[in-house]
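What follows is the content of target12.cif (mmCIF, C-alpha atoms and all ligand atoms; chains and numbers go by the auth columns).
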data_model
loop_
_atom_site.group_PDB
_atom_site.id
_atom_site.type_symbol
_atom_site.label_atom_id
_atom_site.label_comp_id
_atom_site.label_asym_id
_atom_site.label_seq_id
_atom_site.Cartn_x
_atom_site.Cartn_y
_atom_site.Cartn_z
_atom_site.B_iso_or_equiv
_atom_site.auth_seq_id
_atom_site.auth_asym_id
ATOM 1 C CA MET A 1 92.784 135.597 64.335 0.00 953 A
ATOM 2 C CA ASN A 2 93.175 138.213 67.058 0.00 954 A
ATOM 3 C CA GLU A 3 96.768 139.506 67.369 0.00 955 A
ATOM 4 C CA ASP A 4 96.150 140.778 70.900 0.00 956 A
ATOM 5 C CA ARG A 5 94.919 137.513 72.255 0.00 957 A
ATOM 6 C CA TYR A 6 97.238 135.633 74.569 0.00 958 A
ATOM 7 C CA LEU A 7 98.001 132.082 73.615 0.00 959 A
ATOM 8 C CA THR A 8 97.842 130.034 76.797 0.00 960 A
ATOM 9 C CA PHE A 9 99.843 126.914 77.624 0.00 961 A
ATOM 10 C CA ALA A 10 99.008 124.494 80.442 0.00 962 A
ATOM 11 C CA LEU A 11 102.036 122.521 81.550 0.00 963 A
ATOM 12 C CA GLY A 12 102.130 119.602 83.959 0.00 964 A
ATOM 13 C CA LYS A 13 104.297 120.622 86.931 0.00 965 A
ATOM 14 C CA GLY A 14 107.704 118.998 87.230 0.00 966 A
ATOM 15 C CA ARG A 15 110.063 117.392 84.771 0.00 967 A
ATOM 16 C CA LEU A 16 107.776 117.652 81.736 0.00 968 A
ATOM 17 C CA ALA A 17 107.354 121.395 82.280 0.00 969 A
ATOM 18 C CA SER A 18 111.134 121.937 82.547 0.00 970 A
ATOM 19 C CA LYS A 19 111.779 119.928 79.400 0.00 971 A
ATOM 20 C CA THR A 20 108.993 121.736 77.547 0.00 972 A
ATOM 21 C CA LEU A 21 110.393 125.135 78.516 0.00 973 A
ATOM 22 C CA ALA A 22 113.880 124.061 77.388 0.00 974 A
ATOM 23 C CA LEU A 23 112.435 123.019 74.021 0.00 975 A
ATOM 24 C CA LEU A 24 110.407 126.230 73.649 0.00 976 A
ATOM 25 C CA GLU A 25 113.529 128.229 74.435 0.00 977 A
ATOM 26 C CA GLN A 26 115.247 126.588 71.474 0.00 978 A
ATOM 27 C CA ILE A 27 112.615 128.069 69.160 0.00 979 A
ATOM 28 C CA GLY A 28 112.882 131.515 70.736 0.00 980 A
ATOM 29 C CA ILE A 29 110.042 131.294 73.228 0.00 981 A
ATOM 30 C CA THR A 30 111.236 132.151 76.699 0.00 982 A
ATOM 31 C CA CYS A 31 109.614 132.935 79.981 0.00 983 A
ATOM 32 C CA GLU A 32 112.291 134.217 82.347 0.00 984 A
ATOM 33 C CA GLU A 33 110.145 134.314 85.470 0.00 985 A
ATOM 34 C CA MET A 34 109.381 130.602 85.121 0.00 986 A
ATOM 35 C CA LYS A 35 113.032 129.701 85.594 0.00 987 A
ATOM 36 C CA ASP A 36 112.989 130.461 89.307 0.00 988 A
ATOM 37 C CA LYS A 37 112.764 126.938 90.719 0.00 989 A
ATOM 38 C CA ASP A 38 111.757 128.195 94.193 0.00 990 A
ATOM 39 C CA SER A 39 108.815 130.220 92.946 0.00 991 A
ATOM 40 C CA ARG A 40 105.327 129.102 93.987 0.00 992 A
ATOM 41 C CA LYS A 41 103.723 131.219 91.290 0.00 993 A
ATOM 42 C CA LEU A 42 101.338 129.352 88.982 0.00 994 A
ATOM 43 C CA ILE A 43 100.794 131.773 86.092 0.00 995 A
ATOM 44 C CA PHE A 44 103.531 133.366 84.016 0.00 996 A
ATOM 45 C CA VAL A 45 103.302 135.787 81.116 0.00 997 A
ATOM 46 C CA ASN A 46 105.510 136.773 78.214 0.00 998 A
ATOM 47 C CA GLU A 47 104.005 140.158 77.298 0.00 999 A
ATOM 48 C CA GLU A 48 106.121 140.609 74.213 0.00 1000 A
ATOM 49 C CA LEU A 49 105.115 137.330 72.579 0.00 1001 A
ATOM 50 C CA LYS A 50 101.582 137.450 74.009 0.00 1002 A
ATOM 51 C CA LEU A 51 101.983 134.089 75.685 0.00 1003 A
ATOM 52 C CA ARG A 52 100.725 132.869 79.023 0.00 1004 A
ATOM 53 C CA PHE A 53 101.840 129.724 80.804 0.00 1005 A
ATOM 54 C CA PHE A 54 100.342 128.020 83.772 0.00 1006 A
ATOM 55 C CA LEU A 55 101.443 125.061 85.822 0.00 1007 A
ATOM 56 C CA SER A 56 98.946 122.471 86.929 0.00 1008 A
ATOM 57 C CA LYS A 57 98.907 118.884 88.091 0.00 1009 A
ATOM 58 C CA GLY A 58 99.547 116.662 85.069 0.00 1010 A
ATOM 59 C CA PRO A 59 96.127 114.906 85.092 0.00 1011 A
ATOM 60 C CA ASP A 60 94.390 118.317 85.034 0.00 1012 A
ATOM 61 C CA VAL A 61 96.139 119.530 81.859 0.00 1013 A
ATOM 62 C CA PRO A 62 93.631 117.880 79.434 0.00 1014 A
ATOM 63 C CA THR A 63 90.767 119.388 81.459 0.00 1015 A
ATOM 64 C CA TYR A 64 92.103 122.945 81.080 0.00 1016 A
ATOM 65 C CA VAL A 65 92.646 122.332 77.369 0.00 1017 A
ATOM 66 C CA GLU A 66 89.226 120.748 76.811 0.00 1018 A
ATOM 67 C CA TYR A 67 87.492 123.743 78.404 0.00 1019 A
ATOM 68 C CA GLY A 68 89.640 126.101 76.334 0.00 1020 A
ATOM 69 C CA VAL A 69 91.113 128.021 79.269 0.00 1021 A
ATOM 70 C CA ALA A 70 94.415 126.765 77.886 0.00 1022 A
ATOM 71 C CA ASP A 71 94.845 126.614 74.113 0.00 1023 A
ATOM 72 C CA ILE A 72 97.751 124.214 74.289 0.00 1024 A
ATOM 73 C CA GLY A 73 98.876 121.625 76.810 0.00 1025 A
ATOM 74 C CA VAL A 74 101.869 119.387 77.308 0.00 1026 A
ATOM 75 C CA VAL A 75 101.238 116.151 79.094 0.00 1027 A
ATOM 76 C CA GLY A 76 102.170 112.465 79.115 0.00 1028 A
ATOM 77 C CA LYS A 77 100.370 110.076 76.760 0.00 1029 A
ATOM 78 C CA ASP A 78 99.342 108.127 79.891 0.00 1030 A
ATOM 79 C CA THR A 79 97.292 111.117 81.064 0.00 1031 A
ATOM 80 C CA ILE A 80 95.756 111.629 77.611 0.00 1032 A
ATOM 81 C CA LEU A 81 94.623 107.990 77.520 0.00 1033 A
ATOM 82 C CA GLU A 82 93.399 107.978 81.095 0.00 1034 A
ATOM 83 C CA GLU A 83 91.506 111.293 80.935 0.00 1035 A
ATOM 84 C CA ASN A 84 90.117 110.763 77.430 0.00 1036 A
ATOM 85 C CA LYS A 85 89.143 114.419 76.895 0.00 1037 A
ATOM 86 C CA ASN A 86 88.062 116.149 73.724 0.00 1038 A
ATOM 87 C CA VAL A 87 91.437 117.558 72.656 0.00 1039 A
ATOM 88 C CA TYR A 88 93.642 117.203 69.592 0.00 1040 A
ATOM 89 C CA GLU A 89 96.931 115.408 70.131 0.00 1041 A
ATOM 90 C CA VAL A 90 99.198 117.186 67.653 0.00 1042 A
ATOM 91 C CA LEU A 91 102.801 116.299 68.432 0.00 1043 A
ATOM 92 C CA ASP A 92 104.961 113.662 70.087 0.00 1044 A
ATOM 93 C CA LEU A 93 107.666 115.652 71.870 0.00 1045 A
ATOM 94 C CA GLY A 94 109.878 112.601 72.233 0.00 1046 A
ATOM 95 C CA PHE A 95 110.878 113.140 75.863 0.00 1047 A
ATOM 96 C CA GLY A 96 109.453 111.541 78.992 0.00 1048 A
ATOM 97 C CA LYS A 97 109.665 108.168 77.289 0.00 1049 A
ATOM 98 C CA CYS A 98 108.399 105.207 79.303 0.00 1050 A
ATOM 99 C CA ARG A 99 105.944 102.294 78.995 0.00 1051 A
ATOM 100 C CA MET A 100 102.552 101.424 80.423 0.00 1052 A
ATOM 101 C CA CYS A 101 102.777 97.830 81.602 0.00 1053 A
ATOM 102 C CA VAL A 102 101.077 95.083 83.515 0.00 1054 A
ATOM 103 C CA CYS A 103 103.545 94.185 86.268 0.00 1055 A
ATOM 104 C CA GLY A 104 103.644 91.743 89.124 0.00 1056 A
ATOM 105 C CA PRO A 105 105.514 88.798 90.552 0.00 1057 A
ATOM 106 C CA GLU A 106 106.652 86.108 88.100 0.00 1058 A
ATOM 107 C CA SER A 107 103.994 83.827 89.610 0.00 1059 A
ATOM 108 C CA ALA A 108 101.210 86.038 88.212 0.00 1060 A
ATOM 109 C CA ARG A 109 102.179 85.144 84.629 0.00 1061 A
ATOM 110 C CA GLU A 110 100.056 81.974 84.770 0.00 1062 A
ATOM 111 C CA LEU A 111 97.018 83.901 86.066 0.00 1063 A
ATOM 112 C CA LEU A 112 97.270 86.251 83.108 0.00 1064 A
ATOM 113 C CA LYS A 113 97.735 83.424 80.667 0.00 1065 A
ATOM 114 C CA HIS A 114 94.674 81.553 81.835 0.00 1066 A
ATOM 115 C CA HIS A 115 92.447 84.646 81.931 0.00 1067 A
ATOM 116 C CA GLU A 116 91.761 84.173 85.636 0.00 1068 A
ATOM 117 C CA ARG A 117 89.584 86.732 87.396 0.00 1069 A
ATOM 118 C CA ILE A 118 92.447 88.630 88.994 0.00 1070 A
ATOM 119 C CA ARG A 119 92.739 91.850 90.975 0.00 1071 A
ATOM 120 C CA VAL A 120 94.492 94.720 89.236 0.00 1072 A
ATOM 121 C CA ALA A 121 95.636 97.789 91.185 0.00 1073 A
ATOM 122 C CA SER A 122 96.319 101.002 89.288 0.00 1074 A
ATOM 123 C CA LYS A 123 96.337 104.761 89.301 0.00 1075 A
ATOM 124 C CA TYR A 124 95.224 104.400 85.662 0.00 1076 A
ATOM 125 C CA THR A 125 91.910 102.589 86.043 0.00 1077 A
ATOM 126 C CA ASN A 126 90.565 103.610 82.622 0.00 1078 A
ATOM 127 C CA ILE A 127 93.679 102.359 80.851 0.00 1079 A
ATOM 128 C CA ALA A 128 93.550 99.139 82.889 0.00 1080 A
ATOM 129 C CA LYS A 129 89.851 98.634 82.083 0.00 1081 A
ATOM 130 C CA ASP A 130 90.349 99.283 78.390 0.00 1082 A
ATOM 131 C CA TYR A 131 93.278 96.864 78.253 0.00 1083 A
ATOM 132 C CA PHE A 132 91.697 93.983 80.131 0.00 1084 A
ATOM 133 C CA TYR A 133 88.077 94.361 78.999 0.00 1085 A
ATOM 134 C CA ASN A 134 88.419 95.569 75.411 0.00 1086 A
ATOM 135 C CA LYS A 135 91.768 94.245 74.272 0.00 1087 A
ATOM 136 C CA LYS A 136 92.223 91.041 76.270 0.00 1088 A
ATOM 137 C CA HIS A 137 88.530 90.287 76.880 0.00 1089 A
ATOM 138 C CA GLN A 138 89.430 89.276 80.425 0.00 1090 A
ATOM 139 C CA THR A 139 87.161 90.034 83.378 0.00 1091 A
ATOM 140 C CA VAL A 140 89.185 91.479 86.242 0.00 1092 A
ATOM 141 C CA ASP A 141 88.561 93.494 89.397 0.00 1093 A
ATOM 142 C CA ILE A 142 90.167 96.918 89.195 0.00 1094 A
ATOM 143 C CA ILE A 143 91.290 98.666 92.368 0.00 1095 A
ATOM 144 C CA LYS A 144 92.136 102.365 92.270 0.00 1096 A
ATOM 145 C CA LEU A 145 95.338 103.462 94.040 0.00 1097 A
ATOM 146 C CA ASN A 146 96.864 106.921 93.985 0.00 1098 A
ATOM 147 C CA GLY A 147 100.571 106.132 93.955 0.00 1099 A
ATOM 148 C CA SER A 148 103.254 103.691 95.098 0.00 1100 A
ATOM 149 C CA VAL A 149 101.127 101.174 93.245 0.00 1101 A
ATOM 150 C CA GLU A 150 103.887 98.547 93.449 0.00 1102 A
ATOM 151 C CA LEU A 151 102.713 97.974 97.012 0.00 1103 A
ATOM 152 C CA GLY A 152 99.581 96.273 95.628 0.00 1104 A
ATOM 153 C CA PRO A 153 101.065 92.823 94.956 0.00 1105 A
ATOM 154 C CA LEU A 154 103.580 93.133 97.819 0.00 1106 A
ATOM 155 C CA VAL A 155 100.868 93.375 100.455 0.00 1107 A
ATOM 156 C CA GLU A 156 98.517 91.096 98.483 0.00 1108 A
ATOM 157 C CA LEU A 157 95.944 93.739 97.746 0.00 1109 A
ATOM 158 C CA SER A 158 96.170 92.785 94.081 0.00 1110 A
ATOM 159 C CA ASP A 159 97.671 90.117 91.821 0.00 1111 A
ATOM 160 C CA VAL A 160 99.149 92.591 89.365 0.00 1112 A
ATOM 161 C CA ILE A 161 99.389 96.328 88.733 0.00 1113 A
ATOM 162 C CA VAL A 162 99.041 98.508 85.659 0.00 1114 A
ATOM 163 C CA ASP A 163 101.670 101.206 85.943 0.00 1115 A
ATOM 164 C CA ILE A 164 104.353 103.257 84.250 0.00 1116 A
ATOM 165 C CA VAL A 165 107.782 101.685 83.897 0.00 1117 A
ATOM 166 C CA GLU A 166 110.661 103.966 83.076 0.00 1118 A
ATOM 167 C CA THR A 167 114.020 102.536 84.184 0.00 1119 A
ATOM 168 C CA GLY A 168 112.465 99.462 85.801 0.00 1120 A
ATOM 169 C CA SER A 169 114.293 100.069 89.069 0.00 1121 A
ATOM 170 C CA THR A 170 111.152 100.421 91.208 0.00 1122 A
ATOM 171 C CA LEU A 171 110.030 97.012 89.964 0.00 1123 A
ATOM 172 C CA ARG A 172 113.448 95.395 90.471 0.00 1124 A
ATOM 173 C CA GLU A 173 113.840 96.753 93.977 0.00 1125 A
ATOM 174 C CA ASN A 174 110.484 95.283 94.895 0.00 1126 A
ATOM 175 C CA GLY A 175 110.866 91.860 93.282 0.00 1127 A
ATOM 176 C CA LEU A 176 108.333 92.575 90.528 0.00 1128 A
ATOM 177 C CA GLU A 177 108.614 92.415 86.760 0.00 1129 A
ATOM 178 C CA VAL A 178 106.982 93.499 83.542 0.00 1130 A
ATOM 179 C CA LEU A 179 104.504 90.787 82.556 0.00 1131 A
ATOM 180 C CA GLU A 180 102.828 92.473 79.573 0.00 1132 A
ATOM 181 C CA GLU A 181 103.395 95.754 77.769 0.00 1133 A
ATOM 182 C CA ILE A 182 100.310 97.864 77.101 0.00 1134 A
ATOM 183 C CA CYS A 183 101.779 100.787 75.133 0.00 1135 A
ATOM 184 C CA PRO A 184 104.759 103.121 74.831 0.00 1136 A
ATOM 185 C CA LEU A 185 104.404 106.587 76.364 0.00 1137 A
ATOM 186 C CA SER A 186 105.998 110.007 75.925 0.00 1138 A
ATOM 187 C CA ALA A 187 105.157 113.688 76.301 0.00 1139 A
ATOM 188 C CA ARG A 188 102.594 114.983 73.810 0.00 1140 A
ATOM 189 C CA MET A 189 101.343 118.395 72.814 0.00 1141 A
ATOM 190 C CA ILE A 190 97.563 118.759 72.867 0.00 1142 A
ATOM 191 C CA VAL A 191 95.396 121.568 71.483 0.00 1143 A
ATOM 192 C CA ASN A 192 91.856 122.733 72.132 0.00 1144 A
ATOM 193 C CA PRO A 193 89.804 122.068 68.953 0.00 1145 A
ATOM 194 C CA VAL A 194 88.287 125.577 68.877 0.00 1146 A
ATOM 195 C CA SER A 195 91.686 127.237 69.440 0.00 1147 A
ATOM 196 C CA MET A 196 93.034 125.164 66.580 0.00 1148 A
ATOM 197 C CA GLN A 197 90.534 126.911 64.284 0.00 1149 A
ATOM 198 C CA MET A 198 90.588 130.393 65.798 0.00 1150 A
ATOM 199 C CA GLU A 199 94.362 130.612 66.232 0.00 1151 A
ATOM 200 C CA ASN A 200 95.260 128.331 63.377 0.00 1152 A
ATOM 201 C CA GLN A 201 98.232 130.312 62.034 0.00 1153 A
ATOM 202 C CA ARG A 202 99.941 130.854 65.371 0.00 1154 A
ATOM 203 C CA ILE A 203 99.415 127.290 66.522 0.00 1155 A
ATOM 204 C CA ARG A 204 100.465 125.769 63.196 0.00 1156 A
ATOM 205 C CA LYS A 205 103.645 127.862 63.180 0.00 1157 A
ATOM 206 C CA LEU A 206 104.403 126.738 66.703 0.00 1158 A
ATOM 207 C CA ILE A 207 103.901 123.083 65.791 0.00 1159 A
ATOM 208 C CA THR A 208 106.063 123.434 62.658 0.00 1160 A
ATOM 209 C CA ASP A 209 108.861 125.195 64.568 0.00 1161 A
ATOM 210 C CA ILE A 210 108.876 122.579 67.315 0.00 1162 A
ATOM 211 C CA ARG A 211 108.745 119.698 64.846 0.00 1163 A
ATOM 212 C CA LYS A 212 111.725 121.153 62.938 0.00 1164 A
ATOM 213 C CA LYS A 213 113.694 121.590 66.145 0.00 1165 A
ATOM 214 C CA LEU A 214 112.929 118.028 67.245 0.00 1166 A
ATOM 215 C CA GLU A 215 114.172 116.755 63.875 0.00 1167 A
ATOM 216 C CA GLU A 216 117.376 118.823 64.220 0.00 1168 A
ATOM 217 C CA ASN A 217 117.929 117.513 67.748 0.00 1169 A
ATOM 218 C CA ALA A 218 117.350 113.896 66.746 0.00 1170 A
HETATM 219 C C1 LIG B . 106.285 106.223 88.667 0.00 1 B
HETATM 220 C C2 LIG B . 105.592 104.904 88.401 0.00 1 B
HETATM 221 C C3 LIG B . 106.538 103.885 88.997 0.00 1 B
HETATM 222 C C4 LIG B . 107.892 104.534 88.769 0.00 1 B
HETATM 223 C C5 LIG B . 108.547 103.908 87.571 0.00 1 B
HETATM 224 O O1 LIG B . 105.985 106.588 89.957 0.00 1 B
HETATM 225 O O2 LIG B . 104.315 104.885 88.981 0.00 1 B
HETATM 226 O O3 LIG B . 106.286 103.720 90.351 0.00 1 B
HETATM 227 O O4 LIG B . 107.679 105.935 88.511 0.00 1 B
HETATM 228 O O5 LIG B . 109.840 104.413 87.347 0.00 1 B
HETATM 229 P P1 LIG B . 111.099 103.457 87.232 0.00 1 B
HETATM 230 O O6 LIG B . 110.761 102.363 86.261 0.00 1 B
HETATM 231 O O7 LIG B . 112.183 104.371 86.684 0.00 1 B
HETATM 232 O O8 LIG B . 111.441 102.939 88.584 0.00 1 B
HETATM 233 P P2 LIG B . 106.150 108.061 90.510 0.00 1 B
HETATM 234 O O9 LIG B . 107.578 108.301 90.891 0.00 1 B
HETATM 235 O O10 LIG B . 105.604 109.039 89.523 0.00 1 B
HETATM 236 O O11 LIG B . 105.296 108.056 91.837 0.00 1 B
HETATM 237 P P3 LIG B . 103.985 107.258 92.256 0.00 1 B
HETATM 238 O O12 LIG B . 104.402 105.845 92.514 0.00 1 B
HETATM 239 O O13 LIG B . 103.524 107.932 93.490 0.00 1 B
HETATM 240 O O14 LIG B . 103.009 107.360 91.127 0.00 1 B
#
Could you render the structure from this file as structure tokens?
Amino acid sequence: MNEDRYLTFALGKGRLASKTLALLEQIGITCEEMKDKDSRKLIFVNEELKLRFFLSKGPDVPTYVEYGVADIGVVGKDTILEENKNVYEVLDLGFGKCRMCVCGPESARELLKHHERIRVASKYTNIAKDYFYNKKHQTVDIIKLNGSVELGPLVELSDVIVDIVETGSTLRENGLEVLEEICPLSARMIVNPVSMQMENQRIRKLITDIRKKLEENA
């Protein structure tokens, strides 16, 4: 272990990053300059604790961690499943809870039941493929979209979508519903496998401290 080495965190920009920083603060890890909401800065340092944080797009977090430019990452389980990188998932942080679901109009229920060759639109094409091909053994056509995926069935691009459902209001407001649940999701901490060995003590202590705090907060 090298005491002078900075431990680097990659955080997905937005709500997950704010919640992660709030949690880290509870175990005495702060980064004052990250609190400025208007800042466009991407890299922040806590010299005293020898920590470095950077903000990236959520789907890129596992990439930074796999390549070891970040030792630790915080990202949604959806991204971990979709990106399928060589990283250790070490902790469920409990926030950012939602579900990955197959959604569509009520009328699509029959198509799913009878294993019809349907069209599935999703931002999460790997998750959709794994679910339909490997779990349901159903041949489907997968169409990649980059957001506002609920449009798929509304404009008849697809029969159903595979997407994240949190409150369910996007579905309700668009006359769609959850047809099948794929898996529950939440924010997870991931670690680079080499960092886990090289910085074992520091990373283990961090995991233990966070786990304890999560138990206290529960
Ligand atoms: C996500 C997701 C759904 C919505 C679900 O979209 O893709 O559209 O949130 O939340 P709800 O159940 O609380 O309505 P996001 O806002 O991330 O944007 P996107 O559609 O561009 O992916």
Next on the checklist: List as an MDAnalysis selection string the residues having at least one atom at most 7 Å from position (95.0, 120.9, 73.2) as given in the file, counting only C-alpha atoms.
Outcome noted: chainID A and resid 1017:1018 1023:1025 1039:1041 1141:1145
Item to check | Picked residues, the PyMOL selection byres (((chain A and resi 1043-1048) around 12) and not hetatm), expected as JSON, numbers by chain | outcome: {"A": [964, 966, 967, 968, 969, 970, 971, 972, 973, 974, 975, 976, 1024, 1025, 1026, 1027, 1028, 1029, 1030, 1040, 1041, 1042, 1049, 1050, 1051, 1116, 1117, 1118, 1119, 1136, 1137, 1138, 1139, 1140, 1141, 1142, 1143, 1155, 1156, 1158, 1159, 1160, 1161, 1162, 1163, 1164, 1165, 1166, 1167, 1169, 1170]}
Could you dump the residues just selected with C-alpha atoms as a compact mmCIF listing (two decimals), keeping the file's coordinate frame?
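Written file, result-v3.txt:
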# COMPACT_ATOMS: atom_id res chain seq x y z
CA GLY A 964 102.13 119.60 83.96
CA GLY A 966 107.70 119.00 87.23
CA ARG A 967 110.06 117.39 84.77
CA LEU A 968 107.78 117.65 81.74
CA ALA A 969 107.35 121.40 82.28
CA SER A 970 111.13 121.94 82.55
CA LYS A 971 111.78 119.93 79.40
CA THR A 972 108.99 121.74 77.55
CA LEU A 973 110.39 125.14 78.52
CA ALA A 974 113.88 124.06 77.39
CA LEU A 975 112.44 123.02 74.02
CA LEU A 976 110.41 126.23 73.65
CA ILE A 1024 97.75 124.21 74.29
CA GLY A 1025 98.88 121.62 76.81
CA VAL A 1026 101.87 119.39 77.31
CA VAL A 1027 101.24 116.15 79.09
CA GLY A 1028 102.17 112.46 79.11
CA LYS A 1029 100.37 110.08 76.76
CA ASP A 1030 99.34 108.13 79.89
CA TYR A 1040 93.64 117.20 69.59
CA GLU A 1041 96.93 115.41 70.13
CA VAL A 1042 99.20 117.19 67.65
CA LYS A 1049 109.66 108.17 77.29
CA CYS A 1050 108.40 105.21 79.30
CA ARG A 1051 105.94 102.29 79.00
CA ILE A 1116 104.35 103.26 84.25
CA VAL A 1117 107.78 101.68 83.90
CA GLU A 1118 110.66 103.97 83.08
CA THR A 1119 114.02 102.54 84.18
CA PRO A 1136 104.76 103.12 74.83
CA LEU A 1137 104.40 106.59 76.36
CA SER A 1138 106.00 110.01 75.92
CA ALA A 1139 105.16 113.69 76.30
CA ARG A 1140 102.59 114.98 73.81
CA MET A 1141 101.34 118.40 72.81
CA ILE A 1142 97.56 118.76 72.87
CA VAL A 1143 95.40 121.57 71.48
CA ILE A 1155 99.42 127.29 66.52
CA ARG A 1156 100.46 125.77 63.20
CA LEU A 1158 104.40 126.74 66.70
CA ILE A 1159 103.90 123.08 65.79
CA THR A 1160 106.06 123.43 62.66
CA ASP A 1161 108.86 125.20 64.57
CA ILE A 1162 108.88 122.58 67.32
CA ARG A 1163 108.74 119.70 64.85
CA LYS A 1164 111.72 121.15 62.94
CA LYS A 1165 113.69 121.59 66.14
CA LEU A 1166 112.93 118.03 67.24
CA GLU A 1167 114.17 116.76 63.88
CA ASN A 1169 117.93 117.51 67.75
CA ALA A 1170 117.35 113.90 66.75
Item to check | Result set, the PyMOL selection byres (((not hetatm)) within 7 of (chain B and resi 1)) on current file, as a ChimeraX atom specification | outcome: /A:1098-1102,1115-1123
Just the selected residues (C-alpha atoms), exported as a compact mmCIF listing (two decimals), in the coordinates of the input, please.
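The resulting file, part_39.txt, is shown below:
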# COMPACT_ATOMS: atom_id res chain seq x y z
CA ASN A 1098 96.86 106.92 93.98
CA GLY A 1099 100.57 106.13 93.96
CA SER A 1100 103.25 103.69 95.10
CA VAL A 1101 101.13 101.17 93.24
CA GLU A 1102 103.89 98.55 93.45
CA ASP A 1115 101.67 101.21 85.94
CA ILE A 1116 104.35 103.26 84.25
CA VAL A 1117 107.78 101.68 83.90
CA GLU A 1118 110.66 103.97 83.08
CA THR A 1119 114.02 102.54 84.18
CA GLY A 1120 112.46 99.46 85.80
CA SER A 1121 114.29 100.07 89.07
CA THR A 1122 111.15 100.42 91.21
CA LEU A 1123 110.03 97.01 89.96
Quick one: contact table of range 994-1038 of chain A to range 1062-1081 of chain A, 9 Å max, nearest atom pair and distance in Å to one decimal per residue, counting all atoms listed in the file, chain and number order, as JSON lines?
{"residue": "A:Asp1030", "atom": "CA", "partner": "A:Tyr1076", "partner_atom": "CA", "distance": 8.0}
{"residue": "A:Thr1031", "atom": "CA", "partner": "A:Tyr1076", "partner_atom": "CA", "distance": 8.4}
{"residue": "A:Leu1033", "atom": "CA", "partner": "A:Ile1079", "partner_atom": "CA", "distance": 6.6}
{"residue": "A:Glu1034", "atom": "CA", "partner": "A:Asn1078", "partner_atom": "CA", "distance": 5.4}
{"residue": "A:Glu1035", "atom": "CA", "partner": "A:Asn1078", "partner_atom": "CA", "distance": 7.9}
{"residue": "A:Asn1036", "atom": "CA", "partner": "A:Asn1078", "partner_atom": "CA", "distance": 8.9}
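Nearest to Leu963 in chain A of all the residues A:Ser1008, A:Ser1059, A:Ser991, A:Gln978 is A:Ser1008, based on all atoms listed in the file.
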Checklist entry - So how far away is CA of Cys1055 in chain A from CA of Leu1097 in chain A, in Å? => result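 Atom-to-atom, CA of Leu1097 in chain A and CA of Cys1055 in chain A are spaced 14.6 Å apart.
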Hey, could you pull the box centre and edge lengths for range 1156-1161 of chain A, axis-aligned, 3 Å padding per side, all listed atoms, to one decimal in Å, as lines of an AutoDock Vina configuration file?
center_x = 104.7
center_y = 125.5
center_z = 64.7
size_x = 14.4
size_y = 10.8
size_z = 10.0
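Distance-wise, CA of Lys1087 in chain A and CA of Leu1103 in chain A end up 25.5 Å apart.
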Checklist entry - To one decimal place, how far is CA of Phe1006 in chain A from CA of Phe961 in chain A in Å? => result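 Going from CA of Phe1006 in chain A over to CA of Phe961 in chain A covers 6.3 Å.
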Next on the checklist: When the PyMOL selection byres (((chain A and resi 982) around 12) and not hetatm) is applied to the structure above, which residues does it catch, written out as number ranges by chain?
Outcome noted: A: 970, 972-981, 983-987, 996-1005
Next on the checklist: Taking only C-alpha atoms into account, name the residue in A:Val1146, A:Ile1134, A:Ile1095, A:Cys1053 that is nearest to Val1114 in chain A.
Outcome noted: A:Cys1053
